[in-house]
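A short write-up of the structure that comes next.
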Amino acid sequence: MQRGRLRFILIVRDPVARVRSFFDWFPYLYHMRGPFSKWLTVALSLQKSCARKHAVDMTDGDALYWSACRNISGQYQDALSGGLYAPQVRWWFHHFAPRQLAVVSLGAYLSRPHDVLQQLAAFLEMDGQGAAQVSA
């Protein structure tokens with residue numbers, strides 16, 4: 001298959017919901033408990049401290065995502081930066097043409113699965129039979 005014919009589907013979550021979900025898995029991953037607000041305050045403090053140490057502008061999502069501050073240690077690793085989708089999508093655009101990528105909101109898929117699947121079938125250039133199977 002030619003590289004230009006490849007298609008990629010990127011499914012993204014609401015960044016706030018993603019952070020909350022990450023926190024909700026804490027008891028299973030790190031055997032820790034506590035209020036979300038306290039955990040978030042610590043995570044932000046660690047991120048800010050790291051940004052100062054490495055002279056990273058916290059308002060520059062690209063710089064923050066690709067910096068050492070992305071991987072804060074322990075239970076805070078990638079907790080906040082994983083929801084910085086723009087740098088991740090730009091990385092894909094650097095390697096592939098934008099026409100090869102479909103970015104789908106998980107929220108849109110959950111609320112309108114039929115519509116989203118129809119759009120993805122068109123994006124994937126599925127023939128009539130394949131598109132009919134998606135709508136079934």
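Labels for the structure tokens follow display order: chains A, B, ..., residues from 1 in each chain, ligands from 1.
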inquiry  = What's around Pro15 of chain A at 9 Å? Count only C-alpha atoms, leave out sequence neighbours fewer than 6 positions away in its own chain, and write the answer as a list in words.
reply    =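 The filter keeps Leu80, Gly82, Gly83, Leu84 and Tyr85 of chain A.
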Could you please take those selected residues and save N, CA, C and O atoms as a PDB file, in the first residue's frame?
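Result written to part-v2.pdb:
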ATOM      1  N   LEU A  80      -1.437  15.419  33.190  1.00  0.00           N
ATOM      2  CA  LEU A  80      -1.989  16.630  32.596  1.00  0.00           C
ATOM      3  C   LEU A  80      -1.624  16.768  31.122  1.00  0.00           C
ATOM      4  O   LEU A  80      -2.441  17.167  30.312  1.00  0.00           O
ATOM      5  N   GLY A  82      -1.098  14.556  28.815  1.00  0.00           N
ATOM      6  CA  GLY A  82      -1.743  13.639  27.881  1.00  0.00           C
ATOM      7  C   GLY A  82      -2.949  14.235  27.198  1.00  0.00           C
ATOM      8  O   GLY A  82      -3.321  13.826  26.103  1.00  0.00           O
ATOM      9  N   GLY A  83      -3.574  15.225  27.823  1.00  0.00           N
ATOM     10  CA  GLY A  83      -4.737  15.885  27.242  1.00  0.00           C
ATOM     11  C   GLY A  83      -4.380  17.059  26.348  1.00  0.00           C
ATOM     12  O   GLY A  83      -5.266  17.740  25.838  1.00  0.00           O
ATOM     13  N   LEU A  84      -3.096  17.302  26.143  1.00  0.00           N
ATOM     14  CA  LEU A  84      -2.662  18.354  25.223  1.00  0.00           C
ATOM     15  C   LEU A  84      -2.646  17.751  23.815  1.00  0.00           C
ATOM     16  O   LEU A  84      -1.629  17.265  23.339  1.00  0.00           O
ATOM     17  N   TYR A  85      -3.785  17.765  23.157  1.00  0.00           N
ATOM     18  CA  TYR A  85      -3.912  17.068  21.884  1.00  0.00           C
ATOM     19  C   TYR A  85      -3.252  17.792  20.716  1.00  0.00           C
ATOM     20  O   TYR A  85      -2.800  17.153  19.771  1.00  0.00           O
TER      21      TYR A  85
END
inquiry  = Taking the DSSP secondary structure from the backbone, can you list the residues of segment 3-131 of chain A that are strand (DSSP E or B), as a PyMOL selection string?
reply    = chain A and resi 8-12+101-105
Taking N, CA and C atoms for each residue, export the selection above as a PDB file, in the first residue's frame.
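Once written, part.pdb looks like this:
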ATOM      1  N   PHE A   8      -5.725   7.345   9.060  1.00  0.00           N
ATOM      2  CA  PHE A   8      -5.611   7.227  10.509  1.00  0.00           C
ATOM      3  C   PHE A   8      -6.810   7.898  11.167  1.00  0.00           C
ATOM      4  N   ILE A   9      -7.321   7.273  12.201  1.00  0.00           N
ATOM      5  CA  ILE A   9      -8.416   7.839  12.963  1.00  0.00           C
ATOM      6  C   ILE A   9      -7.905   8.119  14.371  1.00  0.00           C
ATOM      7  N   LEU A  10      -7.935   9.378  14.764  1.00  0.00           N
ATOM      8  CA  LEU A  10      -7.496   9.781  16.091  1.00  0.00           C
ATOM      9  C   LEU A  10      -8.740  10.100  16.921  1.00  0.00           C
ATOM     10  N   ILE A  11      -8.937   9.379  17.992  1.00  0.00           N
ATOM     11  CA  ILE A  11     -10.091   9.611  18.854  1.00  0.00           C
ATOM     12  C   ILE A  11      -9.609  10.327  20.104  1.00  0.00           C
ATOM     13  N   VAL A  12     -10.175  11.492  20.368  1.00  0.00           N
ATOM     14  CA  VAL A  12      -9.743  12.295  21.509  1.00  0.00           C
ATOM     15  C   VAL A  12     -10.894  12.471  22.492  1.00  0.00           C
ATOM     16  N   LEU A 101      -5.820  12.002   7.934  1.00  0.00           N
ATOM     17  CA  LEU A 101      -6.171  11.915   9.347  1.00  0.00           C
ATOM     18  C   LEU A 101      -7.601  12.381   9.598  1.00  0.00           C
ATOM     19  N   ALA A 102      -8.290  11.630  10.408  1.00  0.00           N
ATOM     20  CA  ALA A 102      -9.611  12.053  10.880  1.00  0.00           C
ATOM     21  C   ALA A 102      -9.521  12.151  12.392  1.00  0.00           C
ATOM     22  N   VAL A 103      -9.839  13.323  12.929  1.00  0.00           N
ATOM     23  CA  VAL A 103      -9.849  13.519  14.375  1.00  0.00           C
ATOM     24  C   VAL A 103     -11.306  13.459  14.822  1.00  0.00           C
ATOM     25  N   VAL A 104     -11.576  12.520  15.720  1.00  0.00           N
ATOM     26  CA  VAL A 104     -12.944  12.277  16.175  1.00  0.00           C
ATOM     27  C   VAL A 104     -13.029  12.521  17.672  1.00  0.00           C
ATOM     28  N   SER A 105     -14.021  13.276  18.069  1.00  0.00           N
ATOM     29  CA  SER A 105     -14.283  13.486  19.486  1.00  0.00           C
ATOM     30  C   SER A 105     -15.005  12.255  20.026  1.00  0.00           C
TER      31      SER A 105
END
inquiry  = DSSP on the backbone: which residues in segment 10-90 of chain A end up as helix (DSSP H, G or I)? Give the answer as a PyMOL selection string.
reply    = chain A and resi 15-24+26-29+36-53+61-65+68-71+74-76+81-83+85-90
ask   = Near Val19 of chain A, within 12 Å and counting only C-alpha atoms, which residues show up once chain neighbours fewer than 4 positions away are dropped, as a ChimeraX atom specification?
value = /A:13-15,23-26,36-37,39-40,43-44,76-84
How would the residues just picked look written out with N, CA and C atoms as an mmCIF file, in the first residue's frame?
data_model
loop_
_atom_site.group_PDB
_atom_site.id
_atom_site.type_symbol
_atom_site.label_atom_id
_atom_site.label_comp_id
_atom_site.auth_asym_id
_atom_site.auth_seq_id
_atom_site.Cartn_x
_atom_site.Cartn_y
_atom_site.Cartn_z
ATOM 1 N N ARG A 13 -10.533 12.529 23.754
ATOM 2 C CA ARG A 13 -11.508 12.759 24.824
ATOM 3 C C ARG A 13 -11.457 14.207 25.253
ATOM 4 N N ASP A 14 -12.508 14.643 25.911
ATOM 5 C CA ASP A 14 -12.481 15.950 26.542
ATOM 6 C C ASP A 14 -11.302 15.950 27.518
ATOM 7 N N PRO A 15 -10.389 16.919 27.420
ATOM 8 C CA PRO A 15 -9.192 16.897 28.280
ATOM 9 C C PRO A 15 -9.508 16.878 29.780
ATOM 10 N N PHE A 23 -7.305 10.274 37.274
ATOM 11 C CA PHE A 23 -7.346 10.308 38.733
ATOM 12 C C PHE A 23 -8.176 9.151 39.290
ATOM 13 N N ASP A 24 -9.295 8.853 38.656
ATOM 14 C CA ASP A 24 -10.169 7.784 39.143
ATOM 15 C C ASP A 24 -9.489 6.410 39.135
ATOM 16 N N TRP A 25 -8.468 6.257 38.315
ATOM 17 C CA TRP A 25 -7.733 4.985 38.276
ATOM 18 C C TRP A 25 -6.638 4.911 39.338
ATOM 19 N N PHE A 26 -6.412 5.996 40.041
ATOM 20 C CA PHE A 26 -5.368 6.006 41.071
ATOM 21 C C PHE A 26 -5.413 4.839 42.042
ATOM 22 N N PHE A 36 -9.817 14.733 44.629
ATOM 23 C CA PHE A 36 -9.351 15.137 43.301
ATOM 24 C C PHE A 36 -8.695 16.507 43.339
ATOM 25 N N SER A 37 -9.293 17.442 44.081
ATOM 26 C CA SER A 37 -8.755 18.805 44.125
ATOM 27 C C SER A 37 -7.330 18.835 44.672
ATOM 28 N N TRP A 39 -5.122 16.288 44.602
ATOM 29 C CA TRP A 39 -4.257 15.659 43.607
ATOM 30 C C TRP A 39 -3.960 16.619 42.462
ATOM 31 N N LEU A 40 -4.993 17.318 41.976
ATOM 32 C CA LEU A 40 -4.821 18.250 40.873
ATOM 33 C C LEU A 40 -3.909 19.411 41.265
ATOM 34 N N ALA A 43 -0.403 18.040 41.183
ATOM 35 C CA ALA A 43 0.027 17.818 39.797
ATOM 36 C C ALA A 43 0.385 19.139 39.118
ATOM 37 N N LEU A 44 -0.446 20.162 39.299
ATOM 38 C CA LEU A 44 -0.154 21.472 38.712
ATOM 39 C C LEU A 44 1.097 22.090 39.315
ATOM 40 N N TYR A 76 1.804 11.125 38.950
ATOM 41 C CA TYR A 76 1.478 12.332 38.197
ATOM 42 C C TYR A 76 2.003 12.271 36.764
ATOM 43 N N GLN A 77 2.662 11.171 36.409
ATOM 44 C CA GLN A 77 3.263 11.047 35.090
ATOM 45 C C GLN A 77 2.198 11.146 34.002
ATOM 46 N N ASP A 78 2.375 12.074 33.109
ATOM 47 C CA ASP A 78 1.513 12.278 31.945
ATOM 48 C C ASP A 78 0.061 12.591 32.328
ATOM 49 N N ALA A 79 -0.173 12.916 33.579
ATOM 50 C CA ALA A 79 -1.535 13.158 34.046
ATOM 51 C C ALA A 79 -2.173 14.352 33.341
ATOM 52 N N LEU A 80 -1.437 15.419 33.190
ATOM 53 C CA LEU A 80 -1.989 16.630 32.596
ATOM 54 C C LEU A 80 -1.624 16.768 31.122
ATOM 55 N N SER A 81 -0.400 16.403 30.765
ATOM 56 C CA SER A 81 0.055 16.628 29.390
ATOM 57 C C SER A 81 -0.588 15.695 28.384
ATOM 58 N N GLY A 82 -1.098 14.556 28.815
ATOM 59 C CA GLY A 82 -1.743 13.639 27.881
ATOM 60 C C GLY A 82 -2.949 14.235 27.198
ATOM 61 N N GLY A 83 -3.574 15.225 27.823
ATOM 62 C CA GLY A 83 -4.737 15.885 27.242
ATOM 63 C C GLY A 83 -4.380 17.059 26.348
ATOM 64 N N LEU A 84 -3.096 17.302 26.143
ATOM 65 C CA LEU A 84 -2.662 18.354 25.223
ATOM 66 C C LEU A 84 -2.646 17.751 23.815
#
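Between Ala17 of chain A and the candidates A:Lys38, A:Leu106, A:Phe93, A:Arg99, the tightest atom-to-atom separation, counting only C-alpha atoms, involves A:Leu106.
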Among listed residues A:Phe22, A:Thr41, A:Arg52, A:Asp62, nearest Val89 of chain A (using only C-alpha atoms) = A:Asp62
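Remark: for Arg70 of chain A, the closest of the candidate residues A:Leu110, A:Ala121, A:Cys50, A:Val16 is A:Cys50 (distances computed over only C-alpha atoms).
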